[in-house]
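Undergrad: File follows, final-v7.cif with mmCIF, C-alpha atoms:
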```
data_input
loop_
_atom_site.label_atom_id
_atom_site.label_comp_id
_atom_site.auth_asym_id
_atom_site.auth_seq_id
_atom_site.Cartn_x
_atom_site.Cartn_y
_atom_site.Cartn_z
CA MET A 28 40.94 -64.95 -23.84
CA ALA A 29 42.49 -68.18 -25.02
CA GLN A 30 44.55 -66.32 -27.59
CA ALA A 31 45.86 -63.98 -24.89
CA LEU A 32 46.78 -66.96 -22.75
CA GLY A 33 48.64 -68.53 -25.64
CA GLU A 34 50.54 -65.32 -26.39
CA ASP A 35 51.58 -64.92 -22.75
CA LEU A 36 52.77 -68.50 -22.66
CA VAL A 37 54.72 -68.09 -25.91
CA GLN A 38 56.43 -64.97 -24.60
CA ALA A 39 57.33 -66.59 -21.29
CA CYS A 40 58.66 -69.71 -22.97
CA GLU A 41 60.66 -67.72 -25.51
CA LEU A 42 62.23 -65.62 -22.77
CA GLN A 43 63.20 -68.69 -20.79
CA ASP A 44 64.41 -70.60 -23.85
CA ASP A 45 66.52 -67.66 -25.05
CA SER A 46 68.12 -67.24 -21.67
CA SER A 47 68.79 -70.96 -21.31
CA SER A 48 70.23 -71.20 -24.81
CA LEU A 49 72.75 -68.38 -24.49
CA GLY A 50 75.43 -70.66 -23.17
CA SER A 51 74.51 -73.72 -25.17
CA ASP A 52 77.14 -73.26 -27.88
CA SER A 53 79.96 -72.67 -25.42
CA GLU A 54 78.90 -75.56 -23.26
CA LEU A 55 78.53 -77.98 -26.17
CA SER A 56 81.82 -76.98 -27.77
CA GLY A 57 83.74 -76.23 -24.58
CA PRO A 58 86.09 -78.43 -22.55
CA GLY A 59 85.19 -81.94 -21.53
CA PRO A 60 83.85 -81.25 -18.02
CA TYR A 61 81.25 -78.85 -19.44
CA ARG A 62 80.01 -81.42 -21.96
CA ARG A 63 79.34 -83.94 -19.23
CA ALA A 64 75.68 -84.77 -18.72
CA ASP A 65 74.20 -85.13 -15.26
CA ARG A 66 72.21 -88.13 -14.10
CA TYR A 67 69.07 -86.72 -15.75
CA GLY A 68 70.70 -86.13 -19.13
CA PHE A 69 71.24 -82.35 -18.97
CA ILE A 70 74.57 -81.21 -20.37
CA GLY A 71 76.56 -79.22 -17.84
CA GLY A 72 73.94 -79.81 -15.16
CA SER A 73 74.67 -79.73 -11.46
CA ALA A 74 72.94 -83.01 -10.57
CA ALA A 75 75.70 -85.34 -11.72
CA GLU A 76 76.06 -86.86 -8.27
CA PRO A 77 73.42 -87.21 -5.56
CA GLY A 78 73.84 -84.67 -2.78
CA PRO A 79 73.81 -85.30 0.96
CA GLY A 80 70.05 -84.77 1.13
CA HIS A 81 69.28 -87.61 -1.27
CA PRO A 82 68.31 -91.08 0.01
CA SER A 83 71.01 -93.66 0.40
CA ALA A 84 71.61 -96.48 -2.06
CA ASP A 85 70.18 -99.05 0.36
CA LEU A 86 66.99 -97.04 0.81
CA ILE A 87 66.63 -96.67 -2.96
CA ARG A 88 66.97 -100.44 -3.41
CA GLN A 89 64.31 -101.03 -0.76
CA ARG A 90 61.93 -98.69 -2.54
CA GLU A 91 62.69 -100.33 -5.86
CA MET A 92 61.80 -103.75 -4.44
CA LYS A 93 58.52 -102.38 -3.07
CA TRP A 94 57.60 -100.94 -6.47
CA VAL A 95 58.55 -104.15 -8.26
CA GLU A 96 56.26 -106.08 -5.91
CA MET A 97 53.37 -103.63 -6.33
CA THR A 98 53.60 -103.42 -10.11
CA SER A 99 53.85 -107.21 -10.47
CA HIS A 100 50.29 -107.45 -9.08
CA TRP A 101 48.99 -104.07 -10.15
CA GLU A 102 45.26 -104.78 -10.16
CA LYS A 103 45.40 -106.35 -6.72
CA THR A 104 47.53 -103.48 -5.44
CA MET A 105 45.20 -100.79 -6.76
CA SER A 106 42.11 -102.63 -5.53
CA ARG A 107 43.31 -103.24 -1.98
CA ARG A 108 46.41 -101.16 -1.24
CA TYR A 109 46.09 -97.84 -3.04
CA LYS A 110 47.06 -95.92 0.10
CA LYS A 111 50.44 -97.61 -0.04
CA VAL A 112 50.81 -96.61 -3.69
CA LYS A 113 49.99 -92.99 -2.82
CA MET A 114 52.51 -92.89 0.01
CA GLN A 115 55.24 -94.41 -2.15
CA CYS A 116 54.52 -91.87 -4.87
CA ARG A 117 54.87 -89.08 -2.33
CA LYS A 118 58.27 -90.44 -1.35
CA GLY A 119 59.26 -90.48 -5.02
CA ILE A 120 59.31 -93.27 -7.57
CA PRO A 121 62.85 -94.62 -8.12
CA SER A 122 64.34 -93.30 -11.35
CA ALA A 123 64.90 -96.81 -12.68
CA LEU A 124 61.18 -97.62 -12.42
CA ARG A 125 59.42 -94.48 -13.65
CA ALA A 126 59.17 -95.95 -17.13
CA ARG A 127 57.24 -98.85 -15.62
CA CYS A 128 55.15 -96.94 -13.09
CA TRP A 129 53.95 -93.84 -14.96
CA PRO A 130 51.94 -95.77 -17.62
CA LEU A 131 50.41 -97.91 -14.88
CA LEU A 132 49.42 -94.93 -12.75
CA CYS A 133 47.74 -92.99 -15.57
CA GLY A 134 46.20 -96.06 -17.22
CA ALA A 135 48.14 -95.66 -20.47
CA HIS A 136 49.05 -99.36 -20.52
CA VAL A 137 45.34 -100.24 -20.80
CA CYS A 138 44.81 -97.73 -23.62
CA GLN A 139 47.80 -99.10 -25.50
CA LYS A 140 46.62 -102.68 -25.08
CA ASN A 141 43.07 -101.87 -26.17
CA SER A 142 44.26 -99.92 -29.24
CA PRO A 143 46.94 -102.03 -30.91
CA GLY A 144 48.53 -100.46 -33.96
CA ILE A 145 46.82 -97.09 -33.53
CA TYR A 146 49.99 -95.16 -32.77
CA GLN A 147 51.90 -96.75 -35.66
CA GLU A 148 49.09 -95.79 -38.00
CA LEU A 149 49.07 -92.20 -36.71
CA ALA A 150 52.85 -91.96 -36.92
CA GLU A 151 52.81 -93.04 -40.57
CA THR A 152 49.96 -90.70 -41.55
CA PRO A 153 50.97 -87.25 -42.85
CA GLY A 154 50.05 -84.50 -40.43
CA ASP A 155 48.12 -81.30 -41.00
CA PRO A 156 50.58 -78.83 -42.59
CA GLN A 157 49.39 -76.05 -40.30
CA TRP A 158 50.10 -78.02 -37.13
CA MET A 159 53.31 -79.51 -38.50
CA GLU A 160 54.73 -76.06 -39.15
CA THR A 161 53.83 -74.86 -35.65
CA ILE A 162 55.23 -77.99 -34.00
CA GLY A 163 58.43 -77.73 -36.02
CA ARG A 164 59.02 -74.19 -34.78
CA ASP A 165 58.70 -75.29 -31.17
CA LEU A 166 60.92 -78.37 -31.21
CA HIS A 167 64.19 -76.57 -30.44
CA ARG A 168 62.60 -74.86 -27.42
CA GLN A 169 62.03 -78.09 -25.50
CA PHE A 170 64.95 -78.60 -23.10
CA PRO A 171 67.70 -77.49 -25.51
CA LEU A 172 70.43 -78.53 -23.06
CA HIS A 173 69.19 -82.09 -22.70
CA GLU A 174 71.23 -84.65 -24.59
CA MET A 175 68.10 -86.08 -26.25
CA PHE A 176 67.02 -82.76 -27.77
CA VAL A 177 70.35 -81.16 -28.73
CA SER A 178 70.32 -82.18 -32.38
CA PRO A 179 67.41 -81.33 -34.71
CA GLN A 180 67.89 -84.69 -36.42
CA GLY A 181 68.33 -86.64 -33.18
CA HIS A 182 65.88 -89.22 -31.90
CA GLY A 183 64.63 -86.83 -29.22
CA GLN A 184 63.34 -84.05 -31.46
CA GLN A 185 62.14 -86.50 -34.10
CA GLY A 186 60.29 -88.58 -31.51
CA LEU A 187 58.74 -85.44 -30.07
CA LEU A 188 57.59 -84.43 -33.55
CA GLN A 189 55.95 -87.82 -34.08
CA VAL A 190 54.20 -87.85 -30.70
CA LEU A 191 52.79 -84.33 -31.06
CA LYS A 192 51.75 -84.97 -34.68
CA ALA A 193 50.02 -88.21 -33.63
CA TYR A 194 47.99 -86.33 -31.02
CA THR A 195 46.79 -83.76 -33.58
CA LEU A 196 45.58 -86.64 -35.73
CA TYR A 197 44.08 -88.49 -32.77
CA ARG A 198 42.17 -85.41 -31.58
CA PRO A 199 41.87 -83.10 -34.61
CA GLU A 200 39.22 -80.96 -32.89
CA GLN A 201 41.81 -79.98 -30.27
CA GLY A 202 44.91 -79.80 -32.42
CA TYR A 203 48.20 -78.73 -30.88
CA CYS A 204 48.89 -76.57 -27.86
CA GLN A 205 52.38 -75.21 -27.26
CA ALA A 206 52.32 -76.34 -23.63
CA GLN A 207 52.07 -79.95 -24.78
CA GLY A 208 55.67 -79.73 -25.98
CA PRO A 209 57.44 -79.79 -22.59
CA VAL A 210 54.96 -82.34 -21.25
CA ALA A 211 55.64 -84.73 -24.13
CA ALA A 212 59.38 -84.06 -23.86
CA VAL A 213 59.48 -85.12 -20.21
CA LEU A 214 57.54 -88.26 -21.10
CA LEU A 215 59.99 -89.07 -23.90
CA MET A 216 62.90 -88.79 -21.49
CA HIS A 217 61.53 -91.85 -19.71
CA LEU A 218 59.34 -93.75 -22.18
CA PRO A 219 59.32 -95.02 -25.77
CA PRO A 220 57.29 -92.86 -28.19
CA GLU A 221 54.19 -95.06 -28.20
CA GLU A 222 53.92 -95.20 -24.40
CA ALA A 223 54.68 -91.48 -24.18
CA PHE A 224 51.84 -90.81 -26.64
CA TRP A 225 49.27 -92.73 -24.60
CA CYS A 226 50.44 -91.06 -21.39
CA LEU A 227 49.98 -87.70 -23.10
CA VAL A 228 46.47 -88.73 -24.14
CA GLN A 229 45.59 -89.64 -20.56
CA ILE A 230 46.96 -86.38 -19.18
CA CYS A 231 45.10 -84.26 -21.74
CA GLU A 232 41.80 -86.13 -21.54
CA LEU A 233 41.47 -87.42 -17.98
CA TYR A 234 43.79 -85.43 -15.72
CA LEU A 235 43.41 -82.01 -17.38
CA PRO A 236 40.48 -82.01 -19.82
CA GLY A 237 39.81 -78.60 -21.31
CA TYR A 238 43.39 -77.41 -20.77
CA TYR A 239 44.91 -77.91 -24.21
CA GLY A 240 41.94 -77.21 -26.45
CA PRO A 241 41.47 -74.06 -28.53
CA HIS A 242 39.52 -72.25 -25.78
CA MET A 243 41.39 -73.38 -22.62
CA GLU A 244 38.13 -73.12 -20.69
CA ALA A 245 39.33 -75.29 -17.80
CA VAL A 246 42.42 -73.11 -17.27
CA GLN A 247 40.25 -70.06 -16.73
CA LEU A 248 38.07 -71.93 -14.24
CA ASP A 249 41.06 -73.24 -12.30
CA ALA A 250 42.55 -69.73 -12.20
CA GLU A 251 39.44 -68.50 -10.39
CA VAL A 252 39.59 -71.50 -8.07
CA PHE A 253 43.25 -70.77 -7.31
CA MET A 254 42.47 -67.17 -6.37
CA ALA A 255 39.67 -68.31 -4.10
CA LEU A 256 42.04 -70.72 -2.38
CA LEU A 257 44.61 -67.94 -1.99
CA ARG A 258 41.95 -65.74 -0.39
CA ARG A 259 41.19 -68.47 2.15
CA LEU A 260 44.66 -69.91 2.84
CA LEU A 261 46.97 -66.89 2.22
CA PRO A 262 44.80 -63.80 2.67
CA ARG A 263 47.68 -61.30 2.94
CA VAL A 264 49.31 -62.60 -0.22
CA HIS A 265 45.95 -62.48 -2.00
CA LYS A 266 45.48 -58.86 -0.95
CA HIS A 267 48.95 -57.93 -2.19
CA LEU A 268 48.36 -59.57 -5.58
CA GLN A 269 45.12 -57.63 -5.97
CA GLN A 270 46.76 -54.35 -5.01
CA VAL A 271 49.55 -54.64 -7.58
CA GLY A 272 47.23 -56.01 -10.27
CA VAL A 273 48.72 -59.49 -10.66
CA GLY A 274 45.95 -61.82 -11.76
CA PRO A 275 46.33 -65.60 -11.82
CA LEU A 276 46.36 -65.72 -15.62
CA LEU A 277 49.71 -63.92 -15.62
CA TYR A 278 51.58 -66.81 -13.99
CA LEU A 279 49.30 -69.80 -13.45
CA PRO A 280 48.95 -71.08 -17.07
CA GLU A 281 52.69 -71.64 -17.41
CA TRP A 282 52.70 -73.59 -14.14
CA PHE A 283 49.67 -75.77 -14.71
CA LEU A 284 49.76 -76.27 -18.48
CA CYS A 285 53.41 -77.37 -18.44
CA LEU A 286 53.02 -79.29 -15.15
CA PHE A 287 55.79 -77.08 -13.70
CA ALA A 288 58.32 -78.56 -16.15
CA ARG A 289 59.65 -75.04 -16.89
CA SER A 290 59.35 -73.62 -13.38
CA LEU A 291 61.13 -76.01 -11.01
CA PRO A 292 64.45 -77.85 -10.84
CA PHE A 293 64.18 -81.07 -12.79
CA PRO A 294 64.50 -83.45 -9.79
CA THR A 295 61.62 -81.58 -8.16
CA VAL A 296 59.63 -81.72 -11.41
CA LEU A 297 59.85 -85.51 -11.38
CA ARG A 298 58.65 -85.66 -7.79
CA VAL A 299 55.71 -83.39 -8.65
CA TRP A 300 54.82 -85.65 -11.57
CA ASP A 301 54.98 -88.76 -9.36
CA ALA A 302 52.42 -87.24 -6.99
CA PHE A 303 50.34 -85.70 -9.79
CA LEU A 304 49.88 -89.00 -11.65
CA SER A 305 48.84 -90.58 -8.36
CA GLU A 306 46.57 -87.93 -6.83
CA GLY A 307 45.52 -85.76 -9.74
CA VAL A 308 45.10 -82.00 -10.16
CA LYS A 309 45.00 -81.41 -6.40
CA VAL A 310 48.81 -81.67 -6.47
CA LEU A 311 49.07 -78.80 -8.97
CA PHE A 312 47.07 -76.50 -6.69
CA ARG A 313 49.20 -77.48 -3.71
CA VAL A 314 52.43 -76.83 -5.60
CA GLY A 315 51.15 -73.46 -6.83
CA LEU A 316 50.11 -72.37 -3.35
CA THR A 317 53.52 -73.41 -2.01
CA LEU A 318 55.36 -71.39 -4.66
CA VAL A 319 53.28 -68.28 -3.95
CA ARG A 320 53.94 -68.62 -0.23
CA LEU A 321 57.68 -69.05 -0.75
CA ALA A 322 57.81 -65.98 -3.02
CA LEU A 323 55.48 -63.60 -1.14
CA GLY A 324 54.79 -65.19 2.21
CA THR A 325 56.62 -62.69 4.43
CA THR A 326 56.06 -58.98 4.91
CA GLU A 327 59.60 -58.20 3.76
CA GLN A 328 59.04 -60.09 0.52
CA ARG A 329 55.84 -58.20 -0.23
CA LEU A 330 57.41 -54.81 0.59
CA ALA A 331 60.20 -55.62 -1.87
CA CYS A 332 57.57 -56.05 -4.64
CA PRO A 333 55.69 -52.72 -4.87
CA GLY A 334 54.56 -53.24 -8.45
CA LEU A 335 53.41 -55.76 -11.00
CA LEU A 336 56.80 -56.46 -12.57
CA GLU A 337 58.54 -56.93 -9.24
CA THR A 338 55.85 -59.34 -8.07
CA LEU A 339 56.01 -61.42 -11.22
CA GLY A 340 59.78 -61.45 -10.96
CA ALA A 341 59.58 -62.73 -7.40
CA LEU A 342 57.25 -65.54 -8.45
CA ARG A 343 59.78 -66.62 -11.10
CA ALA A 344 62.95 -66.15 -9.03
CA ILE A 345 62.50 -68.32 -5.95
CA PRO A 346 65.93 -69.41 -4.63
CA PRO A 347 66.80 -72.95 -5.77
CA SER A 348 67.71 -73.91 -2.21
CA GLN A 349 64.03 -73.57 -1.28
CA LEU A 350 63.00 -75.78 -4.22
CA GLN A 351 65.11 -78.80 -3.26
CA GLU A 352 62.95 -81.85 -3.88
CA ASP A 353 62.60 -83.36 -0.39
CA VAL A 354 62.15 -80.07 1.46
CA PHE A 355 59.82 -78.63 -1.16
CA MET A 356 57.62 -81.71 -1.51
CA SER A 357 57.18 -82.01 2.25
CA GLN A 358 55.77 -78.47 2.21
CA VAL A 359 53.56 -79.31 -0.76
CA HIS A 360 51.96 -82.29 0.95
CA SER A 361 51.38 -80.27 4.12
CA VAL A 362 49.11 -77.73 2.36
CA ALA A 363 45.66 -77.86 3.94
CA LEU A 364 43.72 -78.71 0.78
CA SER A 365 41.75 -81.92 0.47
CA LYS A 366 40.06 -83.37 -2.58
CA GLN A 367 36.63 -82.62 -1.15
CA GLU A 368 37.51 -78.98 -0.44
CA LEU A 369 38.85 -78.55 -3.94
CA GLN A 370 35.69 -80.03 -5.46
CA ARG A 371 33.49 -77.70 -3.41
CA GLU A 372 35.50 -74.67 -4.52
CA ILE A 373 35.36 -75.76 -8.16
CA LYS A 374 31.60 -76.13 -7.93
CA ALA A 375 31.26 -72.69 -6.32
CA GLN A 376 33.43 -70.95 -8.92
CA LEU A 377 31.72 -72.76 -11.78
CA ALA A 378 28.40 -71.28 -10.68
CA ARG A 379 29.92 -67.78 -10.68
CA LEU A 380 31.48 -67.94 -14.12
CA PRO A 381 29.69 -65.67 -16.61
CA GLU A 382 28.06 -67.40 -19.51
CA SER A 383 30.20 -67.08 -22.62
CA THR A 384 29.24 -67.87 -26.16
CA SER A 385 32.84 -67.87 -27.44
CA GLY A 386 33.59 -71.40 -26.30
CA PRO A 387 32.26 -74.47 -24.51
CA PRO A 388 31.70 -74.30 -20.76
CA PRO A 389 34.19 -76.07 -18.47
CA ARG A 390 33.39 -79.68 -17.64
CA PRO A 391 35.08 -80.39 -14.30
CA LYS A 392 33.18 -83.66 -13.96
CA ALA A 393 35.18 -85.07 -16.88
CA ARG A 394 38.35 -84.76 -14.82
CA LEU A 395 39.34 -87.84 -12.84
CA ASP A 396 41.10 -87.47 -9.51
CA GLY A 397 44.24 -89.46 -10.06
CA ALA A 398 45.27 -93.07 -10.46
CA GLN A 399 42.57 -94.65 -8.31
CA ALA A 400 39.70 -92.96 -10.17
CA ILE A 401 41.21 -93.91 -13.53
CA PHE A 402 41.71 -97.51 -12.42
CA GLU A 403 38.11 -97.78 -11.22
CA ALA A 404 36.80 -96.25 -14.46
CA GLN A 405 38.78 -98.74 -16.54
CA GLN A 406 37.59 -101.65 -14.42
CA LEU A 407 34.00 -100.46 -14.83
CA ALA A 408 34.48 -100.30 -18.59
CA VAL A 409 35.75 -103.88 -18.54
CA ALA A 410 32.75 -105.00 -16.51
CA ARG A 411 30.41 -103.40 -19.05
CA GLY A 412 31.77 -105.41 -21.92
CA GLY A 413 35.24 -104.12 -22.68
CA THR A 414 38.41 -106.08 -23.14
CA ARG A 415 39.09 -108.78 -20.61
CA PRO A 416 41.81 -107.89 -18.10
CA GLU A 417 45.11 -109.70 -18.01
CA VAL A 418 44.58 -111.03 -14.49
CA PRO A 419 41.27 -112.81 -13.89
CA ARG A 420 39.14 -111.23 -11.22
CA ILE A 421 36.77 -112.92 -8.80
CA VAL A 422 33.23 -112.06 -9.81
CA VAL A 423 30.63 -112.40 -7.07
CA GLN A 424 27.25 -113.39 -8.46
CA PRO A 425 24.29 -111.53 -6.97
CA PRO A 426 22.18 -113.62 -4.58
CA GLU A 427 19.02 -115.20 -5.90
CA GLU A 428 15.69 -113.72 -4.95
CA PRO A 429 14.56 -115.22 -1.63
CA ARG A 430 11.68 -117.66 -1.82
CA PRO A 431 8.75 -117.24 0.54
CA PRO A 432 9.08 -119.51 3.57
CA ARG A 433 7.14 -122.75 3.44
CA ARG A 434 4.40 -122.69 6.00
CA LYS A 435 4.14 -125.66 8.28
CA PRO A 436 0.65 -127.20 8.21
CA GLN A 437 -1.45 -126.82 11.32
CA THR A 438 -1.68 -130.30 12.82
CA ARG A 439 -2.68 -129.48 16.36
CA GLY A 440 -5.92 -131.31 17.27
CA LYS A 441 -5.99 -133.16 13.96
CA THR A 442 -4.95 -136.68 13.00
CA PHE A 443 -4.39 -136.95 9.28
CA HIS A 444 -3.84 -140.67 9.55
CA GLY A 445 -7.27 -141.20 11.03
CA LEU A 446 -8.85 -138.77 8.58
CA LEU A 447 -7.32 -140.56 5.61
CA THR A 448 -8.35 -143.96 7.01
CA ARG A 449 -11.97 -142.89 7.38
CA SER A 450 -12.13 -141.32 3.92
CA ARG A 451 -10.26 -143.92 1.88
CA GLY A 452 -10.56 -147.18 3.79
CA PRO A 453 -7.78 -149.30 5.22
CA PRO A 454 -4.25 -148.11 4.51
CA ILE A 455 -2.21 -149.83 1.82
CA GLU A 456 0.30 -152.24 3.23
CA GLY A 457 3.87 -151.65 2.17
CA PRO A 458 7.17 -150.24 3.32
CA PRO A 459 6.82 -147.19 5.52
CA ARG A 460 7.45 -143.85 3.82
CA SER A 461 8.93 -140.77 5.39
CA HIS A 462 6.79 -137.75 6.02
CA ARG A 463 8.58 -135.67 3.33
CA SER A 464 7.96 -138.28 0.62
CA SER A 465 4.31 -138.77 1.56
CA THR A 466 1.90 -136.74 -0.54
CA SER A 467 -1.34 -138.50 0.36
CA PHE A 468 -2.53 -135.62 2.54
CA LEU A 469 -1.94 -133.17 -0.34
CA ASP A 470 -4.48 -135.07 -2.46
CA THR A 471 -7.16 -134.85 0.23
CA ARG A 472 -10.08 -132.58 -0.51
CA PHE A 473 -11.29 -130.68 2.53
#
```
Now, as a test, write the supplied structure out as structure tokens.

TA:
Amino acid sequence: MAQALGEDLVQACELQDDSSSLGSDSELSGPGPYRRADRYGFIGGSAAEPGPGHPSADLIRQREMKWVEMTSHWEKTMSRRYKKVKMQCRKGIPSALRARCWPLLCGAHVCQKNSPGIYQELAETPGDPQWMETIGRDLHRQFPLHEMFVSPQGHGQQGLLQVLKAYTLYRPEQGYCQAQGPVAAVLLMHLPPEEAFWCLVQICELYLPGYYGPHMEAVQLDAEVFMALLRRLLPRVHKHLQQVGVGPLLYLPEWFLCLFARSLPFPTVLRVWDAFLSEGVKVLFRVGLTLVRLALGTTEQRLACPGLLETLGALRAIPPSQLQEDVFMSQVHSVALSKQELQREIKAQLARLPESTSGPPPRPKARLDGAQAIFEAQQLAVARGGTRPEVPRIVVQPPEEPRPPRRKPQTRGKTFHGLLTRSRGPPIEGPPRSHRSSTSFLDTRF
């Protein structure tokens, strides 16, 4: 099953890479206007200047100031104001601050601080020849029209090689998955290699565990969950997909494994990543459901796709005007799917999965639901004896065990002074003592 998934993904990526590389020579060697890179670094791209739907410069500066304030006191912000972080991520992190915010959201800055020198050691260690050959064949496929990855000897492809090699050495039992290439490439567009490596580790181990291993067991589970959600939220689309024989494994792995890096316009990809690093895998399901609705939501669209090939073509040919970042993300966040509903559906589908001896069972409990869950897990690790945090936290000591109340002696109808006088003779003359300091009645034998 995993091998079939990998072959489908290779074929899809090769088709897309071949089609996107047809005009690369003419664009790179053509006139000056065609060699111009847009604001994201893509040569000949159409996003050189912000369009009318983009936020104004003043609004961008306001958002930048908010993010600078939040990241300056990150632990306090995550402890008390995570809802504000989530809403700002939904609006989109300013491009100038993604390099600062992404490692904070996924917890990569803590991993890098707790493991000094690990990446340098992995980068200097020779990699497994098998994985190195496979990675080397995939390097030219990762965004060939981006200025970082144009040259095989450029810093983009060489940095990508080092990051992917370091992960195979860091997790040799998992090795290399082809879908890690575009994910690491997007990270390298914004981060230095070491930070990109730790972000990749967090994505593979906390956000999507079981996705990039040799068996891809979590992908198969999430495919069943996605079909169940389609049955509940888009029943007519679900019926059409069943009639034409389009299962989720024919289109979903490329979406989820690559985090939509190959399926959406790049500005929209960045907005999806902002929300994904904040809220977790729930965002991927919402984006997938939105794409299916845009492709097959109307009766006319379904009638135009009578077979399997037409349906798959419709899922991969959504008009770019419908994928514009602000309009598309507003539809994504309006999908009626909460974290609790997703967890219930995962639990239900996990119980229905047939037992397989070919690979390990999925472990959905190992997946953390976004930035808040990762932050709390790292704080718990610190409290259990890990590395001390940068900012000191207020530790509230547990209250002491309550002592039993001291019973007041029964003095009604009794005169201890007279009792003591009769039993011990005349009182000793001296300065009067308070009742609390007097212990003569405690020595009396009754």

Undergrad: May I have the residues within 10 Å of A:Arg394 as a PyMOL selection string, using only C-alpha atoms and disregarding those fewer than 4 positions away in the same chain?

TA: chain A and resi 230-237+245+307-308+390+400-401

Undergrad: Could you state which residues are captured by the PyMOL selection byres ((chain A and resi 340) around 12) in this file, as a list in words?

TA: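 On the file shown, the PyMOL selection byres ((chain A and resi 340) around 12) covers Ala39, Val273, Leu277, Tyr278, Val319, Ala322, Leu323, Gln328, Arg329, Ala331, Cys332, Pro333, Gly334, Leu335, Leu336, Glu337, Thr338, Leu339, Ala341, Leu342, Arg343, Ala344, Ile345 and Pro346 of chain A.
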
Undergrad: Measuring between all atoms listed in the file, which one of A:Ala375, A:Trp101, A:Ala126, A:Tyr238 shows the shortest distance to A:Ala393?

TA: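 The answer is A:Tyr238, which sits nearest to A:Ala393.
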
Undergrad: Decode the PyMOL selection byres ((chain A and resi 215) around 10) for the given file into explicit residues and return them as number ranges by chain.

TA: A: 126, 175, 182-184, 186-187, 190, 209-214, 216-224

Undergrad: Would you export the selected residues with C-alpha atoms as a PDB file, in the coordinates of the input, please?

TA:
```pdb
ATOM      1  CA  ALA A 126      59.170 -95.950 -17.130  1.00  0.00           C
ATOM      2  CA  MET A 175      68.100 -86.080 -26.250  1.00  0.00           C
ATOM      3  CA  HIS A 182      65.880 -89.220 -31.900  1.00  0.00           C
ATOM      4  CA  GLY A 183      64.630 -86.830 -29.220  1.00  0.00           C
ATOM      5  CA  GLN A 184      63.340 -84.050 -31.460  1.00  0.00           C
ATOM      6  CA  GLY A 186      60.290 -88.580 -31.510  1.00  0.00           C
ATOM      7  CA  LEU A 187      58.740 -85.440 -30.070  1.00  0.00           C
ATOM      8  CA  VAL A 190      54.200 -87.850 -30.700  1.00  0.00           C
ATOM      9  CA  PRO A 209      57.440 -79.790 -22.590  1.00  0.00           C
ATOM     10  CA  VAL A 210      54.960 -82.340 -21.250  1.00  0.00           C
ATOM     11  CA  ALA A 211      55.640 -84.730 -24.130  1.00  0.00           C
ATOM     12  CA  ALA A 212      59.380 -84.060 -23.860  1.00  0.00           C
ATOM     13  CA  VAL A 213      59.480 -85.120 -20.210  1.00  0.00           C
ATOM     14  CA  LEU A 214      57.540 -88.260 -21.100  1.00  0.00           C
ATOM     15  CA  MET A 216      62.900 -88.790 -21.490  1.00  0.00           C
ATOM     16  CA  HIS A 217      61.530 -91.850 -19.710  1.00  0.00           C
ATOM     17  CA  LEU A 218      59.340 -93.750 -22.180  1.00  0.00           C
ATOM     18  CA  PRO A 219      59.320 -95.020 -25.770  1.00  0.00           C
ATOM     19  CA  PRO A 220      57.290 -92.860 -28.190  1.00  0.00           C
ATOM     20  CA  GLU A 221      54.190 -95.060 -28.200  1.00  0.00           C
ATOM     21  CA  GLU A 222      53.920 -95.200 -24.400  1.00  0.00           C
ATOM     22  CA  ALA A 223      54.680 -91.480 -24.180  1.00  0.00           C
ATOM     23  CA  PHE A 224      51.840 -90.810 -26.640  1.00  0.00           C
TER      24      PHE A 224
END
```

Undergrad: Residues at most 10 Å from A:Thr195, counting all atoms listed in the file, excluding those fewer than 3 positions away in the same chain, as a list in words?

TA: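 With the cut-off at 10 Å, the set is Leu149, Gly154, Asp155, Trp158, Met159, Val190, Leu191, Lys192, Arg198, Pro199, Glu200, Gln201, Gly202, Tyr203 and Cys204 of chain A.
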